[in-house]
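The next block is run_6.pdb, given as PDB, C-alpha atoms.
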```pdb
ATOM      1  CA  MET A  15      22.179  33.212  40.081
ATOM      2  CA  ASN A  16      20.904  31.194  37.143
ATOM      3  CA  TYR A  17      23.717  29.069  35.826
ATOM      4  CA  PRO A  18      23.348  27.026  32.651
ATOM      5  CA  THR A  19      22.476  23.409  33.406
ATOM      6  CA  ALA A  20      24.275  20.317  32.164
ATOM      7  CA  TRP A  21      22.970  16.787  32.557
ATOM      8  CA  VAL A  22      25.517  14.068  33.300
ATOM      9  CA  THR A  23      24.056  10.626  32.588
ATOM     10  CA  GLY A  24      25.715   7.634  34.151
ATOM     11  CA  ALA A  25      26.569   9.720  37.216
ATOM     12  CA  GLY A  26      26.904   6.552  39.281
ATOM     13  CA  GLY A  27      29.630   5.163  37.033
ATOM     14  CA  LEU A  28      33.349   5.798  36.935
ATOM     15  CA  ILE A  29      33.485   8.636  34.394
ATOM     16  CA  GLY A  30      30.144  10.233  35.212
ATOM     17  CA  ASN A  31      30.852  10.260  38.932
ATOM     18  CA  TYR A  32      34.264  11.827  38.348
ATOM     19  CA  LEU A  33      32.757  14.555  36.166
ATOM     20  CA  VAL A  34      30.083  15.352  38.749
ATOM     21  CA  ARG A  35      32.644  15.502  41.585
ATOM     22  CA  THR A  36      35.073  17.725  39.683
ATOM     23  CA  ALA A  37      32.495  20.007  38.070
ATOM     24  CA  PRO A  38      32.468  22.614  40.858
ATOM     25  CA  SER A  39      36.157  23.370  40.291
ATOM     26  CA  CYS A  40      36.341  22.638  36.543
ATOM     27  CA  ALA A  41      33.028  24.187  35.456
ATOM     28  CA  PRO A  42      32.156  26.713  38.170
ATOM     29  CA  GLY A  43      29.657  28.557  35.972
ATOM     30  CA  TRP A  44      27.485  25.476  35.446
ATOM     31  CA  SER A  45      24.781  23.734  37.428
ATOM     32  CA  ILE A  46      25.318  19.987  37.115
ATOM     33  CA  VAL A  47      22.418  17.529  37.267
ATOM     34  CA  ALA A  48      23.781  14.091  38.176
ATOM     35  CA  LEU A  49      21.613  11.410  36.582
ATOM     36  CA  ALA A  50      22.381   7.942  37.922
ATOM     37  CA  HIS A  51      20.560   4.814  36.792
ATOM     38  CA  ALA A  52      19.033   4.339  40.254
ATOM     39  CA  ASP A  53      16.892   7.465  39.849
ATOM     40  CA  PHE A  54      16.824   8.111  36.091
ATOM     41  CA  ASP A  55      16.080   5.429  33.497
ATOM     42  CA  ILE A  56      17.429   6.635  30.146
ATOM     43  CA  THR A  57      15.480   3.851  28.410
ATOM     44  CA  ASP A  58      12.148   5.382  29.467
ATOM     45  CA  PHE A  59      12.078   7.684  26.458
ATOM     46  CA  SER A  60       8.805   9.432  27.356
ATOM     47  CA  ALA A  61      10.049  10.259  30.855
ATOM     48  CA  VAL A  62      13.395  11.454  29.470
ATOM     49  CA  ARG A  63      11.634  13.730  26.966
ATOM     50  CA  ARG A  64       9.319  15.166  29.619
ATOM     51  CA  ARG A  65      12.212  15.891  31.955
ATOM     52  CA  PHE A  66      14.298  17.361  29.148
ATOM     53  CA  HIS A  67      11.523  19.782  28.189
ATOM     54  CA  ARG A  68      10.829  20.653  31.829
ATOM     55  CA  GLU A  69      14.479  21.276  32.815
ATOM     56  CA  ALA A  70      15.791  22.478  29.424
ATOM     57  CA  PRO A  71      19.466  21.626  30.006
ATOM     58  CA  GLN A  72      21.985  23.606  27.978
ATOM     59  CA  ALA A  73      24.294  20.586  27.545
ATOM     60  CA  ILE A  74      24.270  16.816  27.960
ATOM     61  CA  ILE A  75      27.316  14.771  28.908
ATOM     62  CA  HIS A  76      26.302  11.182  28.207
ATOM     63  CA  CYS A  77      28.293   8.591  30.163
ATOM     64  CA  ALA A  78      25.568   5.991  30.794
ATOM     65  CA  ALA A  79      25.927   2.567  29.198
ATOM     66  CA  MET A  80      25.911  -1.151  29.690
ATOM     67  CA  SER A  81      29.645  -1.705  29.451
ATOM     68  CA  ARG A  82      30.276  -5.184  30.835
ATOM     69  CA  THR A  83      30.837  -7.527  27.912
ATOM     70  CA  SER A  84      29.269 -10.518  29.644
ATOM     71  CA  GLU A  85      26.144  -8.538  30.539
ATOM     72  CA  CYS A  86      25.810  -7.234  26.975
ATOM     73  CA  GLN A  87      26.190 -10.747  25.571
ATOM     74  CA  ALA A  88      23.664 -12.173  28.029
ATOM     75  CA  HIS A  89      21.128  -9.397  27.364
ATOM     76  CA  PRO A  90      21.664  -8.121  23.794
ATOM     77  CA  ALA A  91      18.236  -6.471  23.480
ATOM     78  CA  ARG A  92      18.736  -4.520  26.706
ATOM     79  CA  ALA A  93      22.277  -3.590  25.614
ATOM     80  CA  ARG A  94      20.944  -2.259  22.311
ATOM     81  CA  LEU A  95      18.155  -0.344  24.056
ATOM     82  CA  THR A  96      20.566   1.231  26.540
ATOM     83  CA  ASN A  97      23.639   1.782  24.381
ATOM     84  CA  LEU A  98      22.081   2.614  21.025
ATOM     85  CA  ASP A  99      18.423   3.568  21.297
ATOM     86  CA  ALA A 100      18.695   5.635  24.488
ATOM     87  CA  THR A 101      21.762   7.399  23.100
ATOM     88  CA  ARG A 102      19.879   8.183  19.882
ATOM     89  CA  ASN A 103      16.973   9.584  21.898
ATOM     90  CA  LEU A 104      19.293  11.859  23.872
ATOM     91  CA  CYS A 105      21.023  12.965  20.658
ATOM     92  CA  ASP A 106      17.684  13.864  19.115
ATOM     93  CA  LEU A 107      16.721  15.890  22.176
ATOM     94  CA  ALA A 108      20.111  17.614  22.203
ATOM     95  CA  ALA A 109      19.997  18.634  18.553
ATOM     96  CA  ASP A 110      20.412  22.314  19.459
ATOM     97  CA  ILE A 111      22.728  22.026  22.461
ATOM     98  CA  PRO A 112      26.197  20.559  23.061
ATOM     99  CA  PHE A 113      26.162  16.767  23.403
ATOM    100  CA  ILE A 114      29.280  15.035  24.687
ATOM    101  CA  PHE A 115      29.313  11.252  24.408
ATOM    102  CA  PHE A 116      31.700   8.966  26.271
ATOM    103  CA  SER A 117      32.072   5.420  25.070
ATOM    104  CA  THR A 118      34.557   2.578  24.900
ATOM    105  CA  ASP A 119      35.252  -0.288  22.563
ATOM    106  CA  LEU A 120      33.519  -2.483  25.167
ATOM    107  CA  VAL A 121      30.072  -1.007  24.492
ATOM    108  CA  PHE A 122      28.282  -3.302  22.074
TER     109      PHE A 122
END
```
How does the structure come out when it is put into structure tokens?
Amino acid sequence: MNYPTAWVTGAGGLIGNYLVRTAPSCAPGWSIVALAHADFDITDFSAVRRRFHREAPQAIIHCAAMSRTSECQAHPARARLTNLDATRNLCDLAADIPFIFFSTDLVF
């Protein structure tokens, strides 16, 4: 069976991991691709675009972020690249598919 595919970025984090674990019971008609930072760098825009066009997901659930205040303050350029620029890139790619974005007031 060919189920529609949804990417979950930040699959190694609290929210992303929960969504990936509960997807089989909550979204049984979907194939979930868990994208954790260890194996998928959302700041490598060319690689993200290539994978997006190759896999053609039908939805993106974006949970990846630098969310520790001290880390964001210590590395503002990396925080901007991860939290703003990578999110913008994913939004652009997902222009014609559902894009769900999780964030907190701690993401700078």
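Closest approach to Phe59 in chain A from the set A:Pro18, A:Asp99, A:Ile75, A:Ile111 is made by A:Asp99, with distances taken over only C-alpha atoms.
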- Selection result of the PyMOL selection byres ((chain A and resi 65) around 12) on this file, as number ranges by chain: A: 21, 47, 49, 54-56, 58-64, 66-71, 104, 107
I need the chosen residues saved as a short mmCIF file (atom, residue, chain, number, x, y, z; two decimals), in the coordinates of the input, with C-alpha atoms.
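Resulting contents of result38.cif:
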```
data_model
loop_
_atom_site.label_atom_id
_atom_site.label_comp_id
_atom_site.auth_asym_id
_atom_site.auth_seq_id
_atom_site.Cartn_x
_atom_site.Cartn_y
_atom_site.Cartn_z
CA TRP A 21 22.97 16.79 32.56
CA VAL A 47 22.42 17.53 37.27
CA LEU A 49 21.61 11.41 36.58
CA PHE A 54 16.82 8.11 36.09
CA ASP A 55 16.08 5.43 33.50
CA ILE A 56 17.43 6.64 30.15
CA ASP A 58 12.15 5.38 29.47
CA PHE A 59 12.08 7.68 26.46
CA SER A 60 8.80 9.43 27.36
CA ALA A 61 10.05 10.26 30.86
CA VAL A 62 13.40 11.45 29.47
CA ARG A 63 11.63 13.73 26.97
CA ARG A 64 9.32 15.17 29.62
CA PHE A 66 14.30 17.36 29.15
CA HIS A 67 11.52 19.78 28.19
CA ARG A 68 10.83 20.65 31.83
CA GLU A 69 14.48 21.28 32.82
CA ALA A 70 15.79 22.48 29.42
CA PRO A 71 19.47 21.63 30.01
CA LEU A 104 19.29 11.86 23.87
CA LEU A 107 16.72 15.89 22.18
#
```
- Item | d(CA of Ser81 in chain A, CA of Gly30 in chain A) in Å | 13.3 Å
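Among A:Ala73, A:Pro90, A:Thr83, A:Trp44, the residue with the shortest atom-to-atom distance to Asp110 in chain A, counting all atoms listed in the file, is A:Ala73.
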Could you tell me, as an mmCIF file with C-alpha atoms, in the frame of the given file, exactly which residues end up selected when the PyMOL selection byres ((chain A and resi 27) around 12) is applied to this structure?
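Writing the result to result_21.cif gives the following:
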```
data_model
loop_
_atom_site.group_PDB
_atom_site.id
_atom_site.type_symbol
_atom_site.label_atom_id
_atom_site.label_comp_id
_atom_site.auth_asym_id
_atom_site.auth_seq_id
_atom_site.Cartn_x
_atom_site.Cartn_y
_atom_site.Cartn_z
ATOM 1 C CA VAL A 22 25.517 14.068 33.300
ATOM 2 C CA THR A 23 24.056 10.626 32.588
ATOM 3 C CA GLY A 24 25.715 7.634 34.151
ATOM 4 C CA ALA A 25 26.569 9.720 37.216
ATOM 5 C CA GLY A 26 26.904 6.552 39.281
ATOM 6 C CA LEU A 28 33.349 5.798 36.935
ATOM 7 C CA ILE A 29 33.485 8.636 34.394
ATOM 8 C CA GLY A 30 30.144 10.233 35.212
ATOM 9 C CA ASN A 31 30.852 10.260 38.932
ATOM 10 C CA TYR A 32 34.264 11.827 38.348
ATOM 11 C CA LEU A 33 32.757 14.555 36.166
ATOM 12 C CA VAL A 34 30.083 15.352 38.749
ATOM 13 C CA ARG A 35 32.644 15.502 41.585
ATOM 14 C CA ALA A 48 23.781 14.091 38.176
ATOM 15 C CA LEU A 49 21.613 11.410 36.582
ATOM 16 C CA ALA A 50 22.381 7.942 37.922
ATOM 17 C CA HIS A 51 20.560 4.814 36.792
ATOM 18 C CA ALA A 52 19.033 4.339 40.254
ATOM 19 C CA HIS A 76 26.302 11.182 28.207
ATOM 20 C CA CYS A 77 28.293 8.591 30.163
ATOM 21 C CA ALA A 78 25.568 5.991 30.794
ATOM 22 C CA ALA A 79 25.927 2.567 29.198
ATOM 23 C CA MET A 80 25.911 -1.151 29.690
ATOM 24 C CA SER A 81 29.645 -1.705 29.451
ATOM 25 C CA PHE A 116 31.700 8.966 26.271
#
```
- Could you work out how far CA of Thr57 in chain A lies from CA of Asn103 in chain A, giving the answer in Å with one decimal?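 CA of Thr57 in chain A lies 8.8 Å from CA of Asn103 in chain A.
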- Query: Any idea what the distance is between CA of Ala100 in chain A and CA of Ala37 in chain A?
  - Reply: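 CA of Ala37 in chain A lies 24.1 Å from CA of Ala100 in chain A.
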Box for range 26-45 of chain A: with edges along x, y and z, all listed atoms inside and 4 Å added on each side, what are the centre and edge lengths in Å to one decimal, as lines of an AutoDock Vina configuration file?
```
center_x = 30.6
center_y = 16.9
center_z = 38.0
size_x = 19.6
size_y = 31.4
size_z = 15.2
```
- Item | Residues in the PyMOL selection byres ((chain A and resi 46) around 6), expressed as a PyMOL selection string | chain A and resi 19-20+45+47
- Find, counting all atoms listed in the file, the residue in A:Ala88, A:Asn16, A:Ser39, A:Gln72 that gets nearest to Phe113 in chain A.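 Checking each candidate against Phe113 in chain A, we get A:Gln72 as the closest.
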